[in-house]
$ cat structure20.txt   # compact mmCIF, C-alpha atoms
# COMPACT_ATOMS: atom_id res chain seq x y z
CA MET A 198 184.12 131.97 101.14
CA LEU A 199 182.74 128.49 100.61
CA SER A 200 182.55 127.92 104.35
CA VAL A 201 180.53 131.12 104.80
CA LEU A 202 178.16 130.12 102.02
CA SER A 203 177.78 126.67 103.52
CA ALA A 204 176.97 128.14 106.93
CA CYS A 205 174.34 130.44 105.38
CA LEU A 206 172.75 127.51 103.56
CA GLN A 207 172.65 125.49 106.77
CA ARG A 208 170.90 128.34 108.62
CA LEU A 209 168.43 128.74 105.74
CA ASP A 210 167.73 125.01 105.73
CA SER A 211 167.17 125.12 109.50
CA LYS A 212 164.68 127.97 109.14
CA LEU A 213 162.86 126.13 106.34
CA CYS A 214 162.58 123.04 108.55
CA ILE A 215 161.04 125.17 111.30
CA LEU A 216 158.58 126.71 108.83
CA ARG A 217 157.65 123.28 107.52
CA ARG A 218 156.98 122.07 111.06
CA LEU A 219 154.89 125.13 111.80
CA SER A 220 152.96 124.68 108.56
CA THR A 221 152.32 121.02 109.35
CA SER A 222 151.26 121.73 112.91
CA SER A 223 148.92 124.55 111.85
CA SER A 224 147.07 122.15 109.58
CA LEU A 225 146.33 119.94 112.59
CA ARG A 226 144.78 122.53 114.91
CA ILE A 227 141.16 122.48 113.77
CA GLN A 228 138.63 121.55 116.42
CA VAL A 229 135.38 119.94 115.28
CA SER A 230 132.21 119.49 117.32
CA VAL A 231 129.87 116.68 116.27
CA ILE A 232 126.37 117.20 117.64
CA GLY A 233 124.37 113.99 117.58
CA ALA A 234 127.56 111.98 117.92
CA THR A 235 126.12 108.72 119.24
CA GLY A 236 123.58 108.21 116.47
CA GLY A 237 123.89 106.03 113.40
CA ILE A 238 125.62 108.78 111.41
CA GLY A 239 127.41 110.53 114.27
CA GLN A 240 129.48 107.58 115.47
CA LYS A 241 130.70 106.65 112.00
CA LEU A 242 131.41 110.28 111.13
CA SER A 243 133.35 110.74 114.37
CA LEU A 244 135.45 107.67 113.55
CA LEU A 245 136.35 109.02 110.11
CA LEU A 246 137.24 112.44 111.56
CA LYS A 247 139.34 110.84 114.31
CA VAL A 248 141.62 109.27 111.71
CA SER A 249 141.88 112.44 109.59
CA PRO A 250 145.13 114.40 110.01
CA GLN A 251 143.13 117.58 109.26
CA VAL A 252 141.35 117.38 112.64
CA SER A 253 143.25 118.03 115.86
CA ALA A 254 140.40 117.81 118.37
CA LEU A 255 136.95 116.25 118.42
CA LYS A 256 134.18 117.26 120.81
CA LEU A 257 131.26 114.84 120.75
CA HIS A 258 127.82 115.68 122.09
CA ASP A 259 124.53 113.84 122.36
CA VAL A 260 121.73 113.24 124.82
CA GLN A 261 123.60 110.27 126.30
CA ASN A 262 126.57 107.94 125.82
CA SER A 263 128.85 110.54 124.21
CA GLN A 264 131.50 110.00 126.85
CA GLY A 265 131.54 106.27 126.14
CA VAL A 266 131.87 106.85 122.40
CA ALA A 267 134.61 109.42 123.01
CA LEU A 268 136.54 107.02 125.26
CA ASP A 269 136.27 104.28 122.65
CA LEU A 270 137.55 106.59 119.89
CA SER A 271 140.34 107.93 122.10
CA HIS A 272 142.03 104.52 121.98
CA ILE A 273 142.72 104.95 118.25
CA ASN A 274 146.39 105.84 117.79
CA THR A 275 146.00 109.14 115.96
CA ALA A 276 147.09 112.55 117.24
CA SER A 277 143.64 114.12 117.65
CA SER A 278 142.06 114.40 121.09
CA VAL A 279 138.46 113.35 121.80
CA HIS A 280 136.07 114.50 124.53
CA GLY A 281 132.44 113.58 125.10
CA TYR A 282 129.59 115.65 126.52
CA ASN A 283 126.12 114.44 127.52
CA GLY A 284 122.84 116.30 127.76
CA PRO A 285 121.56 119.83 127.08
CA ALA A 286 123.44 121.35 130.00
CA SER A 287 126.81 120.54 128.42
CA LEU A 288 126.00 121.67 124.87
CA HIS A 289 127.71 125.06 125.18
CA GLU A 290 130.86 123.41 126.55
CA ALA A 291 130.82 120.93 123.67
CA LEU A 292 130.73 123.83 121.20
CA ALA A 293 133.15 126.24 122.87
CA GLN A 294 136.10 127.32 120.67
CA SER A 295 135.25 124.91 117.84
CA HIS A 296 136.12 125.91 114.31
CA ILE A 297 133.60 123.56 112.70
CA VAL A 298 130.26 122.30 114.00
CA VAL A 299 128.59 119.31 112.37
CA ILE A 300 124.92 118.75 113.20
CA THR A 301 123.69 115.18 112.77
CA ALA A 302 121.19 115.28 115.65
CA GLY A 303 117.57 114.43 114.95
CA LEU A 304 115.48 111.47 113.91
CA PRO A 305 116.07 109.54 110.67
CA ARG A 306 113.38 109.27 108.04
CA GLN A 307 111.06 106.27 108.32
CA PRO A 308 109.37 104.33 105.48
CA ASN A 309 106.44 106.27 103.98
CA GLN A 310 107.34 109.36 106.03
CA THR A 311 107.36 112.63 104.11
CA ARG A 312 110.11 115.16 104.62
CA ALA A 313 107.48 117.63 105.82
CA ASP A 314 106.56 115.19 108.60
CA LEU A 315 110.23 114.78 109.44
CA PHE A 316 110.63 118.55 109.55
CA LYS A 317 108.07 118.82 112.34
CA VAL A 318 110.31 116.63 114.50
CA ASN A 319 113.78 117.88 113.57
CA ALA A 320 113.25 121.64 113.13
CA ASP A 321 113.13 122.35 116.86
CA ILE A 322 116.20 120.19 117.46
CA VAL A 323 118.24 122.16 114.93
CA ARG A 324 116.85 125.46 116.25
CA ASP A 325 117.95 124.71 119.83
CA ILE A 326 121.43 123.62 118.72
CA MET A 327 121.86 126.77 116.63
CA ARG A 328 120.88 128.95 119.57
CA ALA A 329 123.80 127.43 121.46
CA VAL A 330 126.11 127.86 118.45
CA ALA A 331 125.19 131.55 118.26
CA VAL A 332 126.52 132.01 121.80
CA ALA A 333 129.32 129.46 122.15
CA CYS A 334 131.02 129.63 118.73
CA PRO A 335 129.33 132.21 116.47
CA GLU A 336 132.24 132.27 114.01
CA ALA A 337 132.33 128.50 113.46
CA LEU A 338 131.59 126.92 110.09
CA VAL A 339 128.36 124.97 110.55
CA ALA A 340 127.56 121.89 108.46
CA VAL A 341 123.96 120.71 108.77
CA ILE A 342 123.29 117.06 107.95
CA THR A 343 119.95 116.74 109.75
CA ASN A 344 117.09 116.24 107.32
CA PRO A 345 115.14 117.70 105.67
CA VAL A 346 118.10 119.92 104.77
CA ASN A 347 116.06 122.04 102.36
CA SER A 348 113.92 123.28 105.25
CA VAL A 349 116.09 123.05 108.36
CA LEU A 350 118.89 125.19 106.92
CA PRO A 351 116.58 128.26 106.79
CA VAL A 352 115.70 127.54 110.43
CA ALA A 353 119.40 127.54 111.32
CA ALA A 354 120.04 130.76 109.36
CA ASN A 355 117.13 132.55 111.03
CA VAL A 356 118.42 131.66 114.50
CA LEU A 357 121.81 133.16 113.67
CA ARG A 358 120.16 136.18 112.05
CA ASP A 359 118.01 136.81 115.12
CA ALA A 360 121.13 136.57 117.31
CA GLY A 361 122.97 139.11 115.13
CA VAL A 362 125.76 136.68 114.16
CA HIS A 363 124.55 135.47 110.77
CA ASP A 364 127.28 135.05 108.14
CA PRO A 365 125.94 133.14 105.11
CA ARG A 366 129.46 132.12 104.12
CA ARG A 367 129.71 129.95 107.23
CA LEU A 368 126.48 127.93 107.02
CA PHE A 369 126.13 124.81 104.87
CA GLY A 370 123.57 122.16 104.12
CA VAL A 371 125.59 119.03 103.39
CA THR A 372 124.58 117.53 100.03
CA THR A 373 127.83 115.69 99.34
CA LEU A 374 126.09 112.31 99.43
CA ASP A 375 124.16 113.26 96.29
CA VAL A 376 127.46 113.90 94.50
CA VAL A 377 129.01 110.70 95.84
CA ARG A 378 126.03 108.67 94.62
CA ALA A 379 126.04 110.35 91.20
CA ASN A 380 129.76 109.57 90.81
CA THR A 381 129.23 105.99 91.95
CA PHE A 382 126.24 105.17 89.75
CA LEU A 383 127.73 106.84 86.67
CA GLY A 384 131.04 105.04 87.20
CA ARG A 385 129.19 101.75 87.49
CA MET A 386 127.33 102.38 84.23
CA LEU A 387 130.50 103.43 82.35
CA CYS A 388 132.69 100.75 83.99
CA LYS A 389 134.95 103.51 85.32
CA ASP A 390 136.44 104.12 88.75
CA PRO A 391 133.89 106.45 90.41
CA ALA A 392 136.68 108.12 92.38
CA THR A 393 137.92 109.60 89.10
CA LEU A 394 134.54 111.19 88.25
CA LYS A 395 133.01 114.46 89.42
CA VAL A 396 129.31 115.03 88.79
CA PRO A 397 127.87 118.29 90.16
CA VAL A 398 124.46 118.00 91.79
CA ILE A 399 122.44 121.20 92.13
CA GLY A 400 119.10 122.33 93.52
CA GLY A 401 118.15 120.85 96.85
CA HIS A 402 118.62 117.70 98.91
CA SER A 403 115.55 115.60 98.20
CA ALA A 404 114.36 113.35 95.41
CA GLU A 405 112.09 116.10 94.10
CA THR A 406 114.64 118.91 94.20
CA MET A 407 118.09 117.52 93.40
CA LEU A 408 119.42 117.58 89.85
CA PRO A 409 122.59 115.71 88.84
CA ILE A 410 124.25 117.60 85.97
CA PHE A 411 125.77 114.75 83.97
CA SER A 412 126.55 117.13 81.10
CA GLN A 413 129.20 118.74 83.31
CA THR A 414 130.86 115.53 84.44
CA SER A 415 134.60 115.82 84.86
CA PRO A 416 136.45 114.33 83.04
CA CYS A 417 134.08 115.13 80.20
CA ILE A 418 131.89 112.31 78.91
CA ASP A 419 130.07 112.13 75.57
CA LEU A 420 126.42 112.23 76.59
CA ASP A 421 125.35 111.86 72.96
CA SER A 422 126.83 108.38 72.95
CA ILE A 423 124.65 107.31 75.89
CA ASP A 424 120.99 106.48 75.41
CA SER A 425 118.84 109.28 76.86
CA LEU A 426 116.70 106.68 78.65
CA LYS A 427 119.77 105.41 80.50
CA ILE A 428 120.62 108.95 81.60
CA ARG A 429 117.06 109.43 82.86
CA GLU A 430 117.21 106.12 84.73
CA LEU A 431 120.58 107.12 86.19
CA ARG A 432 119.18 110.47 87.33
CA ASP A 433 116.23 108.73 88.99
CA GLU A 434 118.58 106.27 90.68
CA VAL A 435 120.49 109.14 92.27
CA ARG A 436 117.31 110.93 93.30
CA HIS A 437 115.64 107.92 94.92
CA ALA A 438 118.72 106.23 96.39
CA GLY A 439 117.95 107.47 99.91
CA THR A 440 114.39 106.14 99.83
CA LYS A 441 115.65 102.76 98.63
CA VAL A 442 117.99 102.54 101.61
CA VAL A 443 115.21 103.50 104.04
CA ASN A 444 112.94 100.84 102.60
CA ALA A 445 115.68 98.21 102.51
CA LYS A 446 116.40 98.78 106.21
CA GLU A 447 112.71 98.13 106.92
CA GLY A 448 112.22 100.92 109.40
CA LEU A 449 115.54 100.38 111.21
CA GLY A 450 117.13 103.57 109.93
CA SER A 451 118.18 105.50 106.88
CA ALA A 452 121.54 105.81 105.10
CA THR A 453 124.28 106.06 107.72
CA LEU A 454 127.49 104.59 106.30
CA SER A 455 127.39 106.48 103.00
CA ILE A 456 126.26 109.76 104.57
CA ALA A 457 128.99 109.49 107.21
CA TYR A 458 131.56 109.01 104.46
CA ALA A 459 130.17 111.93 102.44
CA ALA A 460 129.93 114.17 105.52
CA ALA A 461 133.51 113.38 106.51
CA ARG A 462 134.65 114.27 103.01
CA PHE A 463 132.83 117.61 103.26
CA VAL A 464 134.19 118.43 106.74
CA ILE A 465 137.72 117.59 105.64
CA SER A 466 137.23 119.90 102.64
CA LEU A 467 136.16 122.64 105.07
CA CYS A 468 139.39 122.00 107.01
CA ARG A 469 141.46 122.20 103.85
CA GLY A 470 139.80 125.48 102.91
CA MET A 471 140.33 126.90 106.40
CA ASN A 472 144.02 126.05 106.13
CA GLY A 473 144.32 128.07 102.93
CA GLU A 474 144.52 125.20 100.47
CA ARG A 475 143.61 126.38 96.99
CA ASP A 476 140.90 125.08 94.66
CA VAL A 477 138.88 123.21 97.30
CA ILE A 478 135.47 122.83 95.66
CA GLU A 479 132.38 121.00 96.89
CA CYS A 480 128.69 121.15 96.08
CA ALA A 481 126.69 122.43 99.05
CA TYR A 482 123.27 123.86 99.87
CA VAL A 483 123.92 127.47 100.83
CA GLU A 484 122.31 130.87 100.95
CA SER A 485 122.49 131.92 97.33
CA ASP A 486 121.58 134.41 94.62
CA VAL A 487 122.29 131.98 91.80
CA THR A 488 118.54 131.50 91.28
CA ASP A 489 115.43 133.06 92.80
CA ALA A 490 115.52 130.43 95.54
CA LYS A 491 116.98 131.88 98.74
CA TYR A 492 118.95 128.66 99.28
CA PHE A 493 120.36 126.53 96.51
CA ALA A 494 122.91 123.73 96.14
CA SER A 495 125.72 124.37 93.70
CA ALA A 496 129.49 124.16 93.51
CA VAL A 497 131.26 126.48 95.96
CA LEU A 498 134.91 127.36 96.37
CA LEU A 499 135.91 126.97 100.02
CA GLY A 500 138.29 129.21 101.95
CA PRO A 501 139.21 130.24 105.49
CA GLU A 502 135.85 131.99 106.03
CA GLY A 503 133.74 129.24 104.48
CA VAL A 504 132.30 130.03 101.05
CA LYS A 505 134.94 131.98 99.17
CA LYS A 506 132.97 132.03 95.92
CA ASN A 507 129.70 130.52 94.74
CA LEU A 508 130.54 128.97 91.38
CA GLY A 509 126.92 128.49 90.31
CA TYR A 510 126.01 125.73 87.91
CA GLY A 511 127.35 126.76 84.52
CA LYS A 512 125.64 126.10 81.20
CA LEU A 513 122.89 123.47 81.23
CA THR A 514 121.49 121.41 78.40
CA ASP A 515 117.96 122.23 77.30
CA ASN A 516 116.65 119.16 79.11
CA GLU A 517 118.53 120.01 82.32
CA CYS A 518 117.11 123.52 82.14
CA LYS A 519 113.57 122.13 81.92
CA LEU A 520 114.23 119.83 84.86
CA LEU A 521 115.63 122.71 86.91
CA ASN A 522 112.56 124.80 86.21
CA ALA A 523 110.34 121.88 87.19
CA LEU A 524 111.99 121.37 90.59
CA MET A 525 112.03 125.02 91.62
CA PRO A 526 108.44 125.25 92.97
CA GLN A 527 109.04 122.36 95.38
CA LEU A 528 112.39 123.79 96.49
CA MET A 529 110.79 127.18 97.11
CA ALA A 530 108.02 125.51 99.11
CA ASP A 531 110.59 123.61 101.21
CA ILE A 532 112.44 126.85 101.92
CA GLU A 533 109.22 128.62 102.81
CA LEU A 534 108.38 125.83 105.26
CA GLY A 535 111.68 126.44 107.04
CA ASP A 536 111.44 130.21 106.91
CA ASN A 537 107.94 130.13 108.37
CA HIS A 538 109.23 128.21 111.35
CA GLY A 539 111.02 131.34 112.47
CA LYS A 540 109.44 134.21 110.62
CA LYS A 541 107.31 135.01 107.58
CA PRO A 542 109.16 134.75 104.28
CA GLY A 543 109.35 137.68 101.91
CA ASP A 544 107.54 137.70 98.60
CA GLU A 545 109.35 135.71 95.95
CA ASN A 546 109.26 136.55 92.25
CA LYS A 547 109.29 133.36 90.23
CA LYS A 548 111.53 133.61 87.22
CA ASP A 549 113.35 131.25 84.89
CA PRO A 550 116.44 130.18 86.95
CA CYS A 551 118.32 129.38 83.75
CA LYS A 552 118.18 133.05 82.73
CA LYS A 553 119.44 134.48 86.03
CA LYS A 554 123.20 134.06 86.17
$ encode --input "structure20.txt" --output "structure tokens"
Amino acid sequence: MLSVLSACLQRLDSKLCILRRLSTSSSLRIQVSVIGATGGIGQKLSLLLKVSPQVSALKLHDVQNSQGVALDLSHINTASSVHGYNGPASLHEALAQSHIVVITAGLPRQPNQTRADLFKVNADIVRDIMRAVAVACPEALVAVITNPVNSVLPVAANVLRDAGVHDPRRLFGVTTLDVVRANTFLGRMLCKDPATLKVPVIGGHSAETMLPIFSQTSPCIDLDSIDSLKIRELRDEVRHAGTKVVNAKEGLGSATLSIAYAAARFVISLCRGMNGERDVIECAYVESDVTDAKYFASAVLLGPEGVKKNLGYGKLTDNECKLLNALMPQLMADIELGDNHGKKPGDENKKDPCKKK
């Protein structure tokens, strides 16, 4: 009797080992395309994705030198494969069968350059890439890093909509850097490890439209014990951090290292969601009905199809509510700029976003 039981247990253990191997291997089968892979952000992002066990294959594309970057990365002793593709003619091949597409292509912001000026340059770049996505991998999750995110994401959505493959759950403006900065600056002020803090950042992805919600920091902090002036200074530091980097680089680029880190974190979260991991939450700029703005950054729960649930922004303090109301006109204008690039926007009714939940 004992021998029979032992044999059954051995067979069960064997089957469990096979299931564990299958489970492990399935988590390593996600293919990611990085478009704009040889730029200041793209190379660093590709490096971080190459060493992530969540990514099984990388396809790198840019106007030139992608094959050299891919060859360089391929020498890193991780399991993921890397292939490079150069020029417009190879864009469809670089996108084919990818589960996730990350768009970093475009020009960085220069000192004294407005985001509207930057939009004139980068909107057509994002439009052309999205036209290829609509054909080559219409079901991919698409993460747009190219600035100005507030305006280029509507361009991307309109391309997919015109192609008949638009799924708002699968399209993201990456705002993770705003969260990373808020965590970092708050941790510095409180003398805490920023990796242990989570500060949601809502609204848009520009100094005028982003709003760190320090009242919802996790773990909870006592805002009443912190001087309100310090909180205002902290909020301004998060909002203007990108401009400070641009100015500090004296025209030689914008933030690349920190955005590559933040983008890699977001892409890996997309992978985790696609693999069915529970409770994967990131803030992202997505098509939304949380406010009257057609697109809005807030916390989203990620799943196999992209956005599983938009978690909104919860209860705000009176001051945060005033700040949210104040940023809405600029965010709506940014969205309208992007929408007008493809088609005329619909009429918007301006309401108090704090009252529409």
$ axis_aligned_box --input "structure20.txt" --around "stretch 447-457 of chain A" --padding-each-side "8 Å" --output "JSON"
{"center_x": 120.6, "center_y": 103.9, "center_z": 107.1, "size_x": 32.8, "size_y": 27.6, "size_z": 24.2}
$ residues_near_point --input "structure20.txt" --point "(117.3, 118.5, 88.0)" --cutoff "9 Å" --atoms "only C-alpha atoms" --output "PyMOL selection string"
chain A and resi 398-400+405-410+432+516-524
$ closest_residue --input "structure20.txt" --among "A:Lys247, A:Gln261, A:Gln228, A:Ser495" --to "A:Leu292" --atoms "only C-alpha atoms"
A:Gln228
$ residues_around --input "structure20.txt" --residues "stretch 479-483 of chain A" --least-positions-apart "4" --cutoff "7 Å" --atoms "all atoms listed in the file" --output "list in words"
Leu368, Phe369, Gly370, Val371, Thr372, Thr373, Pro397, Val398, Gly401, Tyr492, Phe493, Ala494, Ser495, Ala496, Val497 and Leu498 of chain A
$ atom_distance --input "structure20.txt" --atom1 "atom CA of A:Cys388" --atom2 "atom CA of A:Asp433"
19.0 Å
$ closest_residue --input "structure20.txt" --among "A:Leu304, A:Leu288, A:Leu315, A:Leu338" --to "A:Ile227" --atoms "all atoms listed in the file"
A:Leu338
$ closest_residue --input "structure20.txt" --among "A:Leu394, A:Ala490, A:Val349, A:Val266" --to "A:Cys417" --atoms "all atoms listed in the file"
A:Leu394
$ build_atoms --input "structure20.txt" --residues "stretch 479-511 of chain A" --atoms "N, CA and C atoms" --output "PDB file, keeping the file's coordinate frame"
ATOM      1  N   GLU A 479     133.408 121.992  96.592  1.00  0.00           N
ATOM      2  CA  GLU A 479     132.380 121.000  96.890  1.00  0.00           C
ATOM      3  C   GLU A 479     131.016 121.584  96.524  1.00  0.00           C
ATOM      4  N   CYS A 480     130.081 120.713  96.204  1.00  0.00           N
ATOM      5  CA  CYS A 480     128.690 121.150  96.080  1.00  0.00           C
ATOM      6  C   CYS A 480     128.083 121.226  97.473  1.00  0.00           C
ATOM      7  N   ALA A 481     127.325 122.270  97.743  1.00  0.00           N
ATOM      8  CA  ALA A 481     126.690 122.430  99.050  1.00  0.00           C
ATOM      9  C   ALA A 481     125.455 123.298  98.901  1.00  0.00           C
ATOM     10  N   TYR A 482     124.519 123.099  99.818  1.00  0.00           N
ATOM     11  CA  TYR A 482     123.270 123.860  99.870  1.00  0.00           C
ATOM     12  C   TYR A 482     123.510 125.076 100.743  1.00  0.00           C
ATOM     13  N   VAL A 483     123.533 126.252 100.129  1.00  0.00           N
ATOM     14  CA  VAL A 483     123.920 127.470 100.830  1.00  0.00           C
ATOM     15  C   VAL A 483     122.960 128.613 100.490  1.00  0.00           C
ATOM     16  N   GLU A 484     123.038 129.657 101.285  1.00  0.00           N
ATOM     17  CA  GLU A 484     122.310 130.870 100.950  1.00  0.00           C
ATOM     18  C   GLU A 484     122.889 131.417  99.643  1.00  0.00           C
ATOM     19  N   SER A 485     122.012 131.753  98.692  1.00  0.00           N
ATOM     20  CA  SER A 485     122.490 131.920  97.330  1.00  0.00           C
ATOM     21  C   SER A 485     121.658 132.925  96.547  1.00  0.00           C
ATOM     22  N   ASP A 486     122.312 133.569  95.572  1.00  0.00           N
ATOM     23  CA  ASP A 486     121.580 134.410  94.620  1.00  0.00           C
ATOM     24  C   ASP A 486     121.729 133.870  93.200  1.00  0.00           C
ATOM     25  N   VAL A 487     122.118 132.611  93.098  1.00  0.00           N
ATOM     26  CA  VAL A 487     122.290 131.980  91.800  1.00  0.00           C
ATOM     27  C   VAL A 487     120.964 131.839  91.071  1.00  0.00           C
ATOM     28  N   THR A 488     119.893 131.560  91.825  1.00  0.00           N
ATOM     29  CA  THR A 488     118.540 131.500  91.280  1.00  0.00           C
ATOM     30  C   THR A 488     117.654 132.375  92.163  1.00  0.00           C
ATOM     31  N   ASP A 489     116.360 132.312  91.955  1.00  0.00           N
ATOM     32  CA  ASP A 489     115.430 133.060  92.800  1.00  0.00           C
ATOM     33  C   ASP A 489     115.162 132.350  94.123  1.00  0.00           C
ATOM     34  N   ALA A 490     115.635 131.129  94.263  1.00  0.00           N
ATOM     35  CA  ALA A 490     115.520 130.430  95.540  1.00  0.00           C
ATOM     36  C   ALA A 490     116.539 131.020  96.513  1.00  0.00           C
ATOM     37  N   LYS A 491     116.112 131.263  97.734  1.00  0.00           N
ATOM     38  CA  LYS A 491     116.980 131.880  98.740  1.00  0.00           C
ATOM     39  C   LYS A 491     118.142 130.970  99.108  1.00  0.00           C
ATOM     40  N   TYR A 492     117.908 129.656  99.006  1.00  0.00           N
ATOM     41  CA  TYR A 492     118.950 128.660  99.280  1.00  0.00           C
ATOM     42  C   TYR A 492     119.008 127.729  98.076  1.00  0.00           C
ATOM     43  N   PHE A 493     120.215 127.326  97.723  1.00  0.00           N
ATOM     44  CA  PHE A 493     120.360 126.530  96.510  1.00  0.00           C
ATOM     45  C   PHE A 493     121.697 125.789  96.585  1.00  0.00           C
ATOM     46  N   ALA A 494     121.681 124.522  96.165  1.00  0.00           N
ATOM     47  CA  ALA A 494     122.910 123.730  96.140  1.00  0.00           C
ATOM     48  C   ALA A 494     123.620 123.916  94.813  1.00  0.00           C
ATOM     49  N   SER A 495     124.891 124.243  94.893  1.00  0.00           N
ATOM     50  CA  SER A 495     125.720 124.370  93.700  1.00  0.00           C
ATOM     51  C   SER A 495     127.174 124.234  94.140  1.00  0.00           C
ATOM     52  N   ALA A 496     128.071 124.251  93.181  1.00  0.00           N
ATOM     53  CA  ALA A 496     129.490 124.160  93.510  1.00  0.00           C
ATOM     54  C   ALA A 496     129.955 125.452  94.175  1.00  0.00           C
ATOM     55  N   VAL A 497     130.704 125.320  95.261  1.00  0.00           N
ATOM     56  CA  VAL A 497     131.260 126.480  95.960  1.00  0.00           C
ATOM     57  C   VAL A 497     132.752 126.276  96.175  1.00  0.00           C
ATOM     58  N   LEU A 498     133.488 127.353  96.059  1.00  0.00           N
ATOM     59  CA  LEU A 498     134.910 127.360  96.370  1.00  0.00           C
ATOM     60  C   LEU A 498     135.068 127.685  97.843  1.00  0.00           C
ATOM     61  N   LEU A 499     135.780 126.823  98.575  1.00  0.00           N
ATOM     62  CA  LEU A 499     135.910 126.970 100.020  1.00  0.00           C
ATOM     63  C   LEU A 499     137.201 127.682 100.383  1.00  0.00           C
ATOM     64  N   GLY A 500     137.127 128.482 101.455  1.00  0.00           N
ATOM     65  CA  GLY A 500     138.290 129.210 101.950  1.00  0.00           C
ATOM     66  C   GLY A 500     138.256 129.312 103.456  1.00  0.00           C
ATOM     67  N   PRO A 501     139.125 130.118 104.038  1.00  0.00           N
ATOM     68  CA  PRO A 501     139.210 130.240 105.490  1.00  0.00           C
ATOM     69  C   PRO A 501     137.916 130.701 106.161  1.00  0.00           C
ATOM     70  N   GLU A 502     137.087 131.482 105.453  1.00  0.00           N
ATOM     71  CA  GLU A 502     135.850 131.990 106.030  1.00  0.00           C
ATOM     72  C   GLU A 502     134.626 131.179 105.617  1.00  0.00           C
ATOM     73  N   GLY A 503     134.851 130.043 104.969  1.00  0.00           N
ATOM     74  CA  GLY A 503     133.740 129.240 104.480  1.00  0.00           C
ATOM     75  C   GLY A 503     133.623 129.349 102.975  1.00  0.00           C
ATOM     76  N   VAL A 504     132.489 129.861 102.497  1.00  0.00           N
ATOM     77  CA  VAL A 504     132.300 130.030 101.050  1.00  0.00           C
ATOM     78  C   VAL A 504     133.139 131.208 100.577  1.00  0.00           C
ATOM     79  N   LYS A 505     134.127 130.913  99.750  1.00  0.00           N
ATOM     80  CA  LYS A 505     134.940 131.980  99.170  1.00  0.00           C
ATOM     81  C   LYS A 505     134.281 132.522  97.910  1.00  0.00           C
ATOM     82  N   LYS A 506     133.669 131.615  97.143  1.00  0.00           N
ATOM     83  CA  LYS A 506     132.970 132.030  95.920  1.00  0.00           C
ATOM     84  C   LYS A 506     131.938 130.979  95.563  1.00  0.00           C
ATOM     85  N   ASN A 507     130.724 131.425  95.254  1.00  0.00           N
ATOM     86  CA  ASN A 507     129.700 130.520  94.740  1.00  0.00           C
ATOM     87  C   ASN A 507     129.909 130.391  93.232  1.00  0.00           C
ATOM     88  N   LEU A 508     130.194 129.190  92.779  1.00  0.00           N
ATOM     89  CA  LEU A 508     130.540 128.970  91.380  1.00  0.00           C
ATOM     90  C   LEU A 508     129.316 128.726  90.496  1.00  0.00           C
ATOM     91  N   GLY A 509     128.134 128.682  91.101  1.00  0.00           N
ATOM     92  CA  GLY A 509     126.920 128.490  90.310  1.00  0.00           C
ATOM     93  C   GLY A 509     126.848 127.119  89.679  1.00  0.00           C
ATOM     94  N   TYR A 510     126.175 127.049  88.528  1.00  0.00           N
ATOM     95  CA  TYR A 510     126.010 125.730  87.910  1.00  0.00           C
ATOM     96  C   TYR A 510     126.358 125.716  86.425  1.00  0.00           C
ATOM     97  N   GLY A 511     126.898 126.785  85.893  1.00  0.00           N
ATOM     98  CA  GLY A 511     127.350 126.760  84.520  1.00  0.00           C
ATOM     99  C   GLY A 511     126.237 126.610  83.507  1.00  0.00           C
TER     100      GLY A 511
END
